[in-house]
>>> print(open('upload.cif').read())   # mmCIF, C-alpha atoms
data_query
loop_
_atom_site.label_atom_id
_atom_site.label_comp_id
_atom_site.auth_asym_id
_atom_site.auth_seq_id
_atom_site.Cartn_x
_atom_site.Cartn_y
_atom_site.Cartn_z
CA MET A 1 -35.37 9.01 100.90
CA THR A 2 -32.56 11.42 101.84
CA ALA A 3 -33.43 13.63 98.89
CA ALA A 4 -37.03 13.59 100.03
CA THR A 5 -36.08 14.51 103.59
CA THR A 6 -34.15 17.58 102.46
CA THR A 7 -37.18 18.74 100.52
CA LEU A 8 -39.27 18.15 103.61
CA SER A 9 -37.23 20.27 105.97
CA GLY A 10 -37.15 23.31 103.70
CA PRO A 11 -39.71 25.98 104.56
CA PRO A 12 -42.39 26.60 101.95
CA ALA A 13 -41.52 29.54 99.72
CA SER A 14 -43.37 32.71 100.54
CA ARG A 15 -45.58 33.74 97.65
CA LYS A 16 -46.23 37.22 98.94
CA GLY A 17 -45.11 39.97 96.63
CA PRO A 18 -46.12 43.60 96.46
CA SER A 19 -49.85 43.98 95.99
CA PHE A 20 -51.51 46.91 94.24
CA TYR A 21 -55.08 46.03 94.90
CA LEU A 22 -57.47 45.83 97.81
CA THR A 23 -56.80 42.53 99.56
CA ARG A 24 -59.81 42.49 101.85
CA GLU A 25 -62.48 40.13 100.66
CA HIS A 26 -66.13 39.92 101.47
CA HIS A 27 -66.09 36.15 101.73
CA PRO A 28 -63.63 33.84 103.49
CA GLU A 29 -60.51 33.54 101.36
CA ASP A 30 -60.59 29.77 101.49
CA GLY A 31 -64.01 28.17 101.34
CA THR A 32 -62.65 24.63 100.92
CA LEU A 33 -62.96 23.69 104.56
CA LEU A 34 -66.56 24.89 104.82
CA GLY A 35 -67.38 23.16 101.54
CA PHE A 36 -65.82 19.94 102.74
CA TRP A 37 -67.72 20.21 106.02
CA ILE A 38 -70.97 20.49 104.06
CA TYR A 39 -69.97 17.38 102.06
CA LEU A 40 -69.43 15.58 105.38
CA MET A 41 -72.87 16.67 106.54
CA SER A 42 -74.41 15.19 103.37
CA ASP A 43 -72.43 12.01 104.02
CA CYS A 44 -73.89 12.08 107.51
CA LEU A 45 -77.37 11.93 105.94
CA ILE A 46 -76.37 8.81 103.97
CA PHE A 47 -75.35 7.17 107.23
CA ALA A 48 -78.55 8.39 108.91
CA CYS A 49 -80.58 6.60 106.21
CA LEU A 50 -78.55 3.41 106.67
CA PHE A 51 -78.95 3.65 110.46
CA ALA A 52 -82.71 4.15 110.02
CA CYS A 53 -82.75 1.12 107.72
CA TYR A 54 -80.97 -0.95 110.35
CA GLY A 55 -83.26 0.41 113.05
CA VAL A 56 -86.32 -0.73 111.10
CA LEU A 57 -84.99 -4.07 109.85
CA GLY A 58 -82.54 -4.92 112.63
CA ARG A 59 -84.84 -7.42 114.35
CA ASN A 60 -86.11 -9.21 111.26
CA TYR A 61 -84.01 -12.36 111.50
CA ALA A 62 -86.01 -14.50 109.05
CA GLY A 63 -85.30 -17.54 111.20
CA GLY A 64 -81.57 -16.87 110.92
CA PRO A 65 -79.02 -15.88 113.54
CA THR A 66 -79.64 -12.92 115.85
CA GLY A 67 -77.21 -10.17 116.76
CA ALA A 68 -76.58 -11.75 120.15
CA GLU A 69 -75.53 -14.98 118.41
CA ILE A 70 -73.11 -13.59 115.84
CA PHE A 71 -71.60 -10.39 117.27
CA GLU A 72 -68.22 -10.87 118.93
CA LEU A 73 -67.90 -7.95 121.29
CA PRO A 74 -64.16 -8.38 122.06
CA THR A 75 -63.39 -7.91 118.35
CA VAL A 76 -65.67 -4.87 118.22
CA ALA A 77 -64.01 -3.42 121.33
CA THR A 78 -60.58 -3.90 119.74
CA ASN A 79 -61.76 -2.24 116.53
CA THR A 80 -63.22 0.67 118.51
CA ALA A 81 -59.95 1.13 120.39
CA ILE A 82 -57.98 1.03 117.12
CA LEU A 83 -60.16 3.67 115.51
CA LEU A 84 -60.07 5.91 118.58
CA LEU A 85 -56.27 5.61 118.67
CA SER A 86 -56.08 6.47 114.98
CA SER A 87 -58.11 9.59 115.71
CA ILE A 88 -55.59 10.85 118.23
CA THR A 89 -52.59 9.91 116.05
CA TYR A 90 -54.11 11.95 113.24
CA GLY A 91 -54.72 14.81 115.69
CA LEU A 92 -51.06 14.72 116.75
CA ALA A 93 -50.06 14.69 113.08
CA MET A 94 -52.07 17.90 112.59
CA VAL A 95 -50.37 19.51 115.61
CA ASP A 96 -47.02 18.73 113.95
CA VAL A 97 -48.31 20.12 110.65
CA HIS A 98 -49.23 23.38 112.39
CA GLU A 99 -45.79 23.52 113.97
CA GLU A 100 -44.13 22.88 110.59
CA ARG A 101 -42.54 19.57 111.59
CA ALA A 102 -42.86 17.43 108.49
CA ARG A 103 -41.00 14.42 109.89
CA GLY A 104 -43.15 14.19 113.00
CA ALA A 105 -46.29 14.68 110.92
CA MET A 106 -45.23 11.88 108.56
CA ALA A 107 -44.59 9.52 111.48
CA TRP A 108 -48.03 10.18 112.98
CA LEU A 109 -49.70 9.92 109.57
CA ALA A 110 -48.01 6.56 109.00
CA ALA A 111 -49.23 5.39 112.42
CA THR A 112 -52.76 6.51 111.51
CA GLY A 113 -52.57 4.62 108.22
CA LEU A 114 -51.39 1.43 109.93
CA LEU A 115 -54.19 1.67 112.51
CA GLY A 116 -56.68 2.21 109.68
CA CYS A 117 -55.38 -0.92 107.94
CA ALA A 118 -55.59 -2.90 111.18
CA PHE A 119 -59.20 -1.78 111.60
CA LEU A 120 -60.04 -2.84 108.05
CA GLY A 121 -58.25 -6.17 108.50
CA LEU A 122 -60.26 -7.02 111.61
CA GLU A 123 -63.51 -5.93 109.98
CA LEU A 124 -62.86 -8.00 106.85
CA LYS A 125 -61.99 -10.98 109.07
CA GLU A 126 -65.32 -10.57 110.86
CA PHE A 127 -67.19 -10.31 107.56
CA PHE A 128 -65.52 -13.41 106.08
CA HIS A 129 -66.19 -15.29 109.31
CA LEU A 130 -69.90 -14.37 109.16
CA VAL A 131 -70.25 -15.26 105.48
CA GLY A 132 -68.40 -18.53 106.11
CA GLU A 133 -70.87 -19.39 108.86
CA GLY A 134 -73.74 -18.85 106.43
CA ALA A 135 -74.70 -15.51 107.99
CA GLY A 136 -74.04 -13.53 104.80
CA PRO A 137 -75.91 -10.41 103.71
CA THR A 138 -78.42 -12.43 101.71
CA HIS A 139 -79.69 -14.38 104.70
CA SER A 140 -82.08 -11.93 106.38
CA ALA A 141 -83.14 -8.29 106.42
CA PHE A 142 -81.17 -7.89 109.64
CA LEU A 143 -77.96 -9.12 108.00
CA SER A 144 -78.56 -7.12 104.80
CA SER A 145 -78.93 -3.86 106.69
CA PHE A 146 -76.04 -4.77 109.02
CA PHE A 147 -73.63 -5.48 106.17
CA THR A 148 -74.73 -2.40 104.21
CA LEU A 149 -74.22 -0.04 107.15
CA VAL A 150 -70.97 -1.45 108.49
CA ALA A 151 -69.44 -2.04 105.05
CA THR A 152 -70.31 1.51 103.95
CA HIS A 153 -68.37 2.76 106.95
CA GLY A 154 -65.54 0.34 106.11
CA LEU A 155 -65.51 1.58 102.52
CA HIS A 156 -65.15 5.15 103.80
CA VAL A 157 -62.20 4.07 105.94
CA THR A 158 -60.67 2.32 102.91
CA PHE A 159 -60.86 5.48 100.84
CA GLY A 160 -59.56 7.43 103.83
CA VAL A 161 -56.46 5.21 103.93
CA ILE A 162 -55.93 5.61 100.16
CA TRP A 163 -56.28 9.38 100.57
CA LEU A 164 -53.86 9.31 103.51
CA VAL A 165 -51.18 7.48 101.48
CA THR A 166 -51.70 9.95 98.62
CA LEU A 167 -51.19 12.91 100.95
CA MET A 168 -48.11 11.32 102.53
CA ILE A 169 -46.58 11.11 99.06
CA GLN A 170 -47.49 14.76 98.51
CA VAL A 171 -45.88 15.77 101.81
CA VAL A 172 -42.68 14.00 100.74
CA ARG A 173 -42.74 15.65 97.32
CA ASN A 174 -43.92 19.18 98.13
CA GLY A 175 -43.32 19.59 101.84
CA LEU A 176 -46.00 21.16 104.00
CA ASP A 177 -47.04 23.83 101.51
CA PRO A 178 -50.43 25.57 101.89
CA VAL A 179 -52.12 23.26 99.38
CA VAL A 180 -50.98 20.08 101.13
CA ARG A 181 -51.89 21.56 104.51
CA ARG A 182 -55.40 22.33 103.29
CA ARG A 183 -55.78 18.77 101.99
CA LEU A 184 -54.51 17.40 105.30
CA MET A 185 -57.12 19.53 107.11
CA CYS A 186 -59.87 18.06 104.93
CA LEU A 187 -58.70 14.50 105.56
CA SER A 188 -58.51 15.35 109.26
CA MET A 189 -62.21 16.25 109.27
CA PHE A 190 -63.02 13.14 107.20
CA TRP A 191 -61.09 10.84 109.54
CA HIS A 192 -62.59 12.26 112.76
CA PHE A 193 -66.03 12.18 111.14
CA LEU A 194 -65.63 8.45 110.46
CA ASP A 195 -64.81 7.96 114.12
CA VAL A 196 -68.03 9.79 115.03
CA VAL A 197 -70.00 7.47 112.72
CA TRP A 198 -68.30 4.48 114.34
CA ILE A 199 -69.65 5.63 117.75
CA GLY A 200 -73.11 5.14 116.26
CA VAL A 201 -72.14 1.77 114.82
CA PHE A 202 -70.70 0.22 117.96
CA SER A 203 -73.46 1.65 120.16
CA PHE A 204 -76.56 1.22 118.02
CA VAL A 205 -75.61 -1.86 116.01
CA TYR A 206 -73.37 -3.95 118.25
CA LEU A 207 -74.07 -3.03 121.89
CA VAL A 208 -77.82 -2.55 121.46
CA GLY A 209 -77.91 -5.40 118.92
CA VAL A 210 -76.80 -8.02 121.46
CA GLN A 211 -79.55 -7.06 123.90
CA MET J 1 -41.05 32.09 107.49
CA SER J 2 -41.85 33.59 110.85
CA ALA J 3 -44.61 32.40 113.09
CA LYS J 4 -46.46 35.66 112.58
CA THR J 5 -46.80 35.35 108.81
CA LEU J 6 -47.76 31.71 109.26
CA SER J 7 -50.55 32.44 111.64
CA ALA J 8 -51.70 35.30 109.44
CA HIS J 9 -51.70 33.02 106.45
CA ASN J 10 -53.56 30.23 108.21
CA SER J 11 -56.07 32.34 110.04
CA ASN J 12 -58.81 30.08 108.68
CA GLU J 13 -57.31 26.90 110.06
CA PRO J 14 -58.43 25.95 113.53
CA THR J 15 -55.37 25.55 115.70
CA ALA J 16 -55.60 22.69 118.12
CA THR J 17 -53.20 21.86 120.89
CA ARG J 18 -51.93 18.47 122.04
CA ARG J 19 -53.64 19.09 125.35
CA GLU J 20 -56.99 19.44 123.60
CA TYR J 21 -56.52 16.14 121.74
CA PHE J 22 -55.43 14.29 124.88
CA THR J 23 -58.40 15.63 126.86
CA GLY J 24 -60.74 14.54 124.08
CA PHE J 25 -59.08 11.16 123.85
CA ALA J 26 -59.35 10.55 127.60
CA LEU J 27 -63.04 11.53 127.64
CA ALA J 28 -63.78 9.44 124.55
CA ALA J 29 -61.96 6.42 126.00
CA ILE J 30 -63.97 6.63 129.23
CA LEU J 31 -67.25 7.09 127.34
CA THR J 32 -66.41 4.06 125.18
CA ALA J 33 -65.23 1.87 128.04
CA ILE J 34 -68.39 2.38 130.15
CA PRO J 35 -70.96 0.95 127.68
CA PHE J 36 -68.66 -1.90 126.59
CA SER J 37 -67.97 -2.95 130.19
CA LEU J 38 -71.64 -2.61 131.15
CA VAL J 39 -72.68 -4.91 128.31
CA MET J 40 -69.77 -7.37 128.39
CA CYS J 41 -70.00 -7.87 132.17
CA HIS J 42 -73.80 -8.24 131.90
CA VAL J 43 -74.42 -5.42 134.37
CA ILE J 44 -77.50 -4.18 132.55
CA SER J 45 -79.63 -5.52 129.72
CA GLY J 46 -82.78 -4.88 127.76
CA GLY J 47 -84.39 -1.49 127.25
CA ALA J 48 -82.50 0.18 130.10
CA ALA J 49 -79.20 -0.90 128.54
CA ALA J 50 -80.21 0.52 125.16
CA THR J 51 -81.14 3.85 126.74
CA VAL J 52 -77.86 4.12 128.67
CA ILE J 53 -75.76 3.07 125.65
CA LEU J 54 -77.43 5.56 123.29
CA ALA J 55 -77.22 8.39 125.85
CA LEU J 56 -73.49 7.77 126.34
CA ALA J 57 -73.05 7.61 122.56
CA ALA J 58 -74.73 11.01 122.20
CA VAL J 59 -72.39 12.50 124.82
CA GLN J 60 -69.39 10.95 123.05
CA VAL J 61 -70.45 12.42 119.72
CA VAL J 62 -70.47 15.87 121.35
CA VAL J 63 -67.02 15.22 122.85
CA HIS J 64 -65.65 14.24 119.42
CA MET J 65 -67.24 17.29 117.82
CA ILE J 66 -65.64 19.66 120.32
CA TYR J 67 -62.20 18.12 120.87
CA PHE J 68 -61.46 16.38 117.54
CA LEU J 69 -63.48 18.35 114.99
CA HIS J 70 -62.99 21.65 116.88
CA MET J 71 -66.58 22.66 116.40
CA ASN J 72 -67.68 25.93 117.94
CA SER J 73 -69.85 28.86 116.96
CA ARG J 74 -66.91 30.83 115.54
CA VAL J 75 -65.61 28.36 112.89
CA GLU J 76 -66.23 29.77 109.39
CA GLY J 77 -68.27 32.58 110.85
CA GLY J 78 -70.75 30.17 112.42
CA TRP J 79 -71.72 28.47 109.16
CA SER J 80 -70.17 25.14 110.11
CA LEU J 81 -72.26 25.01 113.27
CA MET J 82 -75.40 26.01 111.33
CA ALA J 83 -74.76 23.21 108.82
CA LEU J 84 -74.20 20.79 111.69
CA LEU J 85 -77.39 21.78 113.51
CA PHE J 86 -79.40 21.53 110.30
CA THR J 87 -77.93 18.08 109.65
CA ALA J 88 -78.70 17.01 113.21
CA LEU J 89 -82.32 18.06 112.63
CA MET J 90 -82.50 16.10 109.37
CA VAL J 91 -80.87 13.05 110.95
CA GLY J 92 -83.38 13.25 113.78
CA ILE J 93 -86.31 13.44 111.36
CA VAL J 94 -84.98 10.51 109.29
CA LEU J 95 -84.30 8.28 112.30
CA VAL J 96 -87.31 9.08 114.47
CA GLY J 97 -89.64 9.34 111.47
CA SER J 98 -88.59 5.99 110.01
CA LEU J 99 -88.85 4.15 113.32
CA TRP J 100 -92.17 5.80 114.16
CA VAL J 101 -93.81 5.15 110.80
CA MET J 102 -92.59 1.58 110.52
CA HIS J 103 -93.53 0.80 114.12
CA ASN J 104 -96.99 2.23 113.49
CA MET J 105 -97.34 0.09 110.40
CA GLU J 106 -96.27 -3.03 112.24
CA VAL J 107 -98.77 -2.40 115.04
CA ASN J 108 -101.63 -1.92 112.58
CA MET J 109 -100.77 -4.90 110.39
CA ALA J 110 -102.91 -8.01 110.63
CA PRO J 111 -100.96 -10.45 112.80
CA MET J 112 -100.17 -12.94 110.04
CA PRO J 113 -97.90 -15.51 111.72
CA ALA J 114 -99.96 -15.54 114.93
CA MET J 115 -103.20 -16.46 113.10
CA PRO J 116 -104.12 -20.10 113.45
CA ALA J 117 -104.76 -21.93 110.23
CA SER J 118 -108.45 -21.77 109.44
CA PRO J 119 -110.34 -25.06 109.07
#
>>> encode(input="upload.cif", output="structure tokens")
Amino acid sequence: MTAATTTLSGPPASRKGPSFYLTREHHPEDGTLLGFWIYLMSDCLIFACLFACYGVLGRNYAGGPTGAEIFELPTVATNTAILLLSSITYGLAMVDVHEERARGAMAWLAATGLLGCAFLGLELKEFFHLVGEGAGPTHSAFLSSFFTLVATHGLHVTFGVIWLVTLMIQVVRNGLDPVVRRRLMCLSMFWHFLDVVWIGVFSFVYLVGVQ
Amino acid sequence: MSAKTLSAHNSNEPTATRREYFTGFALAAILTAIPFSLVMCHVISGGAAATVILALAAVQVVVHMIYFLHMNSRVEGGWSLMALLFTALMVGIVLVGSLWVMHNMEVNMAPMPAMPASP
């Protein structure tokens, strides 16, 4: 770890040499962030379809349990708080990245990862509890659409955590070089986007679902 | 590496301050706490509750967009905002369209379960 820390604290090498050509470009020099944003927008459409599905099927209980009977709002509130906290820890990590403090960034990224895992743990616990009670996704259209929507969000968070761990390894290995910074920016958008989707989930699925 | 070269190099990256994140976090926490407390303390229920919850959710989405995703009309020369607005339009069409069409179908369906068994 000490070897890794020394690599961390070193400033990224400047790659600027003499240039003999026109450096002004007609397009933004780095289109990755815009491209990633457009990917997120397409992901948003996937979630919109799943939300529409839930909106249409959400009251078809097929004689099974209703949302008011199975949703445990304290758990949902805890999960919401965890995800909101992970959003601000990631934001603070990005502030440290901008200020070139790799150690601080790593600490905040680790906190974000742990919060993400806590969120997933609670969600899996809820899912297993529901399936154990016989309210699995096969029971009714309501439960099918509920599990599909919420689990798709959970799957995104899972991949977000995997991505986060990957980037933490890259920060240790390469320091905060431009490539790693760009990847951290993309994950930042991804992570905050998942929090935005969760607003829809806790409002539309849980809070309206128990009415 | 001096701060000047850094900022020149990262001119594309939105720079956010701690203050911005904390403001966003405070607003988001309040906007989350209100609907949860309203529902969990049984202050409101039914259609009114749904309206209030969804309205607060819409406000919170805007807060997240501004303070966490740093969305404004200048990011990427305005293309990010254009993509976002287009997506919002599509999401609106998908959601409202699906609910409208399916509701219409339900209303016009023969009421199967309500029909008494014929002799």
>>> residues_around(input="upload.cif", residues="region 38-48 of chain J", least_positions_apart="5", cutoff="10 Å", atoms="only C-alpha atoms", output="tab-separated table (two decimals) with C-alpha atoms, keeping the file's coordinate frame")
chain	number	residue	atom	x	y	z
A	73	LEU	CA	-67.90	-7.95	121.29
A	74	PRO	CA	-64.16	-8.38	122.06
A	77	ALA	CA	-64.01	-3.42	121.33
A	207	LEU	CA	-74.07	-3.03	121.89
A	208	VAL	CA	-77.82	-2.55	121.46
A	210	VAL	CA	-76.80	-8.02	121.46
A	211	GLN	CA	-79.55	-7.06	123.90
J	33	ALA	CA	-65.23	1.87	128.04
J	53	ILE	CA	-75.76	3.07	125.65
>>> residues_around(input="upload.cif", residues="Phe51 (chain A)", least_positions_apart="5", cutoff="9 Å", atoms="all atoms listed in the file", output="list of chain:residue names")
A:Ile46, A:Val56, A:Ser145, A:Leu149, A:Gly200, A:Val201, A:Phe204, A:Val205, J:Leu95
>>> write_last_selection(input="upload.cif", atoms="C-alpha atoms", output="PDB file, in the coordinates of the input")
ATOM      1  CA  ILE A  46     -76.370   8.810 103.970  1.00  0.00           C
ATOM      2  CA  VAL A  56     -86.320  -0.730 111.100  1.00  0.00           C
ATOM      3  CA  SER A 145     -78.930  -3.860 106.690  1.00  0.00           C
ATOM      4  CA  LEU A 149     -74.220  -0.040 107.150  1.00  0.00           C
ATOM      5  CA  GLY A 200     -73.110   5.140 116.260  1.00  0.00           C
ATOM      6  CA  VAL A 201     -72.140   1.770 114.820  1.00  0.00           C
ATOM      7  CA  PHE A 204     -76.560   1.220 118.020  1.00  0.00           C
ATOM      8  CA  VAL A 205     -75.610  -1.860 116.010  1.00  0.00           C
TER       9      VAL A 205
ATOM     10  CA  LEU J  95     -84.300   8.280 112.300  1.00  0.00           C
TER      11      LEU J  95
END
>>> closest_atom_pairs(input="upload.cif", of="region 54-129 of chain A", to="region 16-20 of chain J", cutoff="12 Å", atoms="all atoms listed in the file", output="Markdown table")
| residue | atom | partner | partner_atom | distance |
| --- | --- | --- | --- | --- |
| A:Ile88 | CA | J:Arg18 | CA | 9.3 |
| A:Thr89 | CA | J:Arg18 | CA | 10.5 |
| A:Tyr90 | CA | J:Arg18 | CA | 11.2 |
| A:Gly91 | CA | J:Arg18 | CA | 7.8 |
| A:Leu92 | CA | J:Arg18 | CA | 6.5 |
| A:Ala93 | CA | J:Arg18 | CA | 9.9 |
| A:Met94 | CA | J:Ala16 | CA | 8.1 |
| A:Val95 | CA | J:Thr17 | CA | 6.4 |
| A:Asp96 | CA | J:Arg18 | CA | 9.5 |
| A:Val97 | CA | J:Ala16 | CA | 10.7 |
| A:His98 | CA | J:Ala16 | CA | 8.6 |
| A:Glu99 | CA | J:Thr17 | CA | 10.3 |
>>> residues_around(input="upload.cif", residues="region 28-38 of chain A", least_positions_apart="3", cutoff="7 Å", atoms="only C-alpha atoms", output="PyMOL selection string")
(chain A and resi 25+41-42+186) or (chain J and resi 76+80+83)
>>> write_last_selection(input="upload.cif", atoms="C-alpha atoms", output="PDB file, keeping the file's coordinate frame")
ATOM      1  CA  GLU A  25     -62.480  40.130 100.660  1.00  0.00           C
ATOM      2  CA  MET A  41     -72.870  16.670 106.540  1.00  0.00           C
ATOM      3  CA  SER A  42     -74.410  15.190 103.370  1.00  0.00           C
ATOM      4  CA  CYS A 186     -59.870  18.060 104.930  1.00  0.00           C
TER       5      CYS A 186
ATOM      6  CA  GLU J  76     -66.230  29.770 109.390  1.00  0.00           C
ATOM      7  CA  SER J  80     -70.170  25.140 110.110  1.00  0.00           C
ATOM      8  CA  ALA J  83     -74.760  23.210 108.820  1.00  0.00           C
TER       9      ALA J  83
END
>>> interface_residues(input="upload.cif", of="chain J", to="chain A", cutoff="8 Å", atoms="all atoms listed in the file", output="PDB file with C-alpha atoms, in the frame of the given file")
ATOM      1  CA  MET J   1     -41.050  32.090 107.490  1.00  0.00           C
ATOM      2  CA  ASN J  12     -58.810  30.080 108.680  1.00  0.00           C
ATOM      3  CA  GLU J  13     -57.310  26.900 110.060  1.00  0.00           C
ATOM      4  CA  THR J  15     -55.370  25.550 115.700  1.00  0.00           C
ATOM      5  CA  ALA J  16     -55.600  22.690 118.120  1.00  0.00           C
ATOM      6  CA  THR J  17     -53.200  21.860 120.890  1.00  0.00           C
ATOM      7  CA  ARG J  18     -51.930  18.470 122.040  1.00  0.00           C
ATOM      8  CA  TYR J  21     -56.520  16.140 121.740  1.00  0.00           C
ATOM      9  CA  PHE J  22     -55.430  14.290 124.880  1.00  0.00           C
ATOM     10  CA  PHE J  25     -59.080  11.160 123.850  1.00  0.00           C
ATOM     11  CA  ALA J  28     -63.780   9.440 124.550  1.00  0.00           C
ATOM     12  CA  ALA J  29     -61.960   6.420 126.000  1.00  0.00           C
ATOM     13  CA  PRO J  35     -70.960   0.950 127.680  1.00  0.00           C
ATOM     14  CA  PHE J  36     -68.660  -1.900 126.590  1.00  0.00           C
ATOM     15  CA  VAL J  39     -72.680  -4.910 128.310  1.00  0.00           C
ATOM     16  CA  MET J  40     -69.770  -7.370 128.390  1.00  0.00           C
ATOM     17  CA  SER J  45     -79.630  -5.520 129.720  1.00  0.00           C
ATOM     18  CA  GLY J  46     -82.780  -4.880 127.760  1.00  0.00           C
ATOM     19  CA  ALA J  49     -79.200  -0.900 128.540  1.00  0.00           C
ATOM     20  CA  ALA J  50     -80.210   0.520 125.160  1.00  0.00           C
ATOM     21  CA  ILE J  53     -75.760   3.070 125.650  1.00  0.00           C
ATOM     22  CA  LEU J  54     -77.430   5.560 123.290  1.00  0.00           C
ATOM     23  CA  ALA J  57     -73.050   7.610 122.560  1.00  0.00           C
ATOM     24  CA  GLN J  60     -69.390  10.950 123.050  1.00  0.00           C
ATOM     25  CA  VAL J  61     -70.450  12.420 119.720  1.00  0.00           C
ATOM     26  CA  HIS J  64     -65.650  14.240 119.420  1.00  0.00           C
ATOM     27  CA  PHE J  68     -61.460  16.380 117.540  1.00  0.00           C
ATOM     28  CA  LEU J  69     -63.480  18.350 114.990  1.00  0.00           C
ATOM     29  CA  GLU J  76     -66.230  29.770 109.390  1.00  0.00           C
ATOM     30  CA  TRP J  79     -71.720  28.470 109.160  1.00  0.00           C
ATOM     31  CA  SER J  80     -70.170  25.140 110.110  1.00  0.00           C
ATOM     32  CA  ALA J  83     -74.760  23.210 108.820  1.00  0.00           C
ATOM     33  CA  LEU J  84     -74.200  20.790 111.690  1.00  0.00           C
ATOM     34  CA  THR J  87     -77.930  18.080 109.650  1.00  0.00           C
ATOM     35  CA  MET J  90     -82.500  16.100 109.370  1.00  0.00           C
ATOM     36  CA  VAL J  91     -80.870  13.050 110.950  1.00  0.00           C
ATOM     37  CA  VAL J  94     -84.980  10.510 109.290  1.00  0.00           C
ATOM     38  CA  LEU J  95     -84.300   8.280 112.300  1.00  0.00           C
ATOM     39  CA  SER J  98     -88.590   5.990 110.010  1.00  0.00           C
ATOM     40  CA  LEU J  99     -88.850   4.150 113.320  1.00  0.00           C
ATOM     41  CA  MET J 102     -92.590   1.580 110.520  1.00  0.00           C
ATOM     42  CA  HIS J 103     -93.530   0.800 114.120  1.00  0.00           C
TER      43      HIS J 103
END
>>> residues_around(input="upload.cif", residues="Thr138 (chain A)", least_positions_apart="5", cutoff="12 Å", atoms="only C-alpha atoms", output="list in words")
Tyr61, Ala62, Gly64, Leu130, Val131, Leu143, Ser144, Ser145, Phe146, Phe147 and Thr148 of chain A
>>> atom_distance(input="upload.cif", atom1="CA of Phe86 (chain J)", atom2="CA of Phe159 (chain A)")
26.3 Å
>>> axis_aligned_box(input="upload.cif", around="region 201-209 of chain A", padding_each_side="3 Å", output="JSON")
{"center_x": -74.3, "center_y": -1.8, "center_z": 118.4, "size_x": 13.2, "size_y": 13.2, "size_z": 13.1}
>>> atom_distance(input="upload.cif", atom1="CA of Gly58 (chain A)", atom2="CA of Gly121 (chain A)")
24.7 Å
>>> atom_distance(input="upload.cif", atom1="CA of Leu109 (chain A)", atom2="CA of Ile162 (chain A)")
12.1 Å
>>> build_atoms(input="upload.cif", residues="region 89-103 of chain J", atoms="N, CA and C atoms", output="PDB file, in the frame of the given file")
ATOM      1  N   LEU J  89     -80.852  18.048 112.753  1.00  0.00           N
ATOM      2  CA  LEU J  89     -82.320  18.060 112.630  1.00  0.00           C
ATOM      3  C   LEU J  89     -82.778  17.038 111.605  1.00  0.00           C
ATOM      4  N   MET J  90     -82.113  17.033 110.424  1.00  0.00           N
ATOM      5  CA  MET J  90     -82.500  16.100 109.370  1.00  0.00           C
ATOM      6  C   MET J  90     -82.287  14.651 109.806  1.00  0.00           C
ATOM      7  N   VAL J  91     -81.149  14.397 110.466  1.00  0.00           N
ATOM      8  CA  VAL J  91     -80.870  13.050 110.950  1.00  0.00           C
ATOM      9  C   VAL J  91     -81.946  12.617 111.942  1.00  0.00           C
ATOM     10  N   GLY J  92     -82.331  13.548 112.816  1.00  0.00           N
ATOM     11  CA  GLY J  92     -83.380  13.250 113.780  1.00  0.00           C
ATOM     12  C   GLY J  92     -84.685  12.908 113.094  1.00  0.00           C
ATOM     13  N   ILE J  93     -85.050  13.697 112.073  1.00  0.00           N
ATOM     14  CA  ILE J  93     -86.310  13.440 111.360  1.00  0.00           C
ATOM     15  C   ILE J  93     -86.250  12.079 110.672  1.00  0.00           C
ATOM     16  N   VAL J  94     -85.108  11.784 110.008  1.00  0.00           N
ATOM     17  CA  VAL J  94     -84.980  10.510 109.290  1.00  0.00           C
ATOM     18  C   VAL J  94     -85.078   9.336 110.260  1.00  0.00           C
ATOM     19  N   LEU J  95     -84.329   9.421 111.371  1.00  0.00           N
ATOM     20  CA  LEU J  95     -84.300   8.280 112.300  1.00  0.00           C
ATOM     21  C   LEU J  95     -85.631   8.111 113.023  1.00  0.00           C
ATOM     22  N   VAL J  96     -86.075   9.178 113.693  1.00  0.00           N
ATOM     23  CA  VAL J  96     -87.310   9.080 114.470  1.00  0.00           C
ATOM     24  C   VAL J  96     -88.490   8.815 113.556  1.00  0.00           C
ATOM     25  N   GLY J  97     -88.532   9.520 112.421  1.00  0.00           N
ATOM     26  CA  GLY J  97     -89.640   9.340 111.470  1.00  0.00           C
ATOM     27  C   GLY J  97     -89.718   7.920 110.963  1.00  0.00           C
ATOM     28  N   SER J  98     -88.576   7.358 110.546  1.00  0.00           N
ATOM     29  CA  SER J  98     -88.590   5.990 110.010  1.00  0.00           C
ATOM     30  C   SER J  98     -89.074   5.005 111.067  1.00  0.00           C
ATOM     31  N   LEU J  99     -88.485   5.117 112.266  1.00  0.00           N
ATOM     32  CA  LEU J  99     -88.850   4.150 113.320  1.00  0.00           C
ATOM     33  C   LEU J  99     -90.321   4.292 113.697  1.00  0.00           C
ATOM     34  N   TRP J 100     -90.785   5.523 113.770  1.00  0.00           N
ATOM     35  CA  TRP J 100     -92.170   5.800 114.160  1.00  0.00           C
ATOM     36  C   TRP J 100     -93.144   5.227 113.135  1.00  0.00           C
ATOM     37  N   VAL J 101     -92.903   5.575 111.853  1.00  0.00           N
ATOM     38  CA  VAL J 101     -93.810   5.150 110.800  1.00  0.00           C
ATOM     39  C   VAL J 101     -93.835   3.630 110.678  1.00  0.00           C
ATOM     40  N   MET J 102     -92.643   3.028 110.702  1.00  0.00           N
ATOM     41  CA  MET J 102     -92.590   1.580 110.520  1.00  0.00           C
ATOM     42  C   MET J 102     -93.164   0.840 111.725  1.00  0.00           C
ATOM     43  N   HIS J 103     -92.951   1.416 112.922  1.00  0.00           N
ATOM     44  CA  HIS J 103     -93.530   0.800 114.120  1.00  0.00           C
ATOM     45  C   HIS J 103     -95.061   0.862 114.049  1.00  0.00           C
TER      46      HIS J 103
END
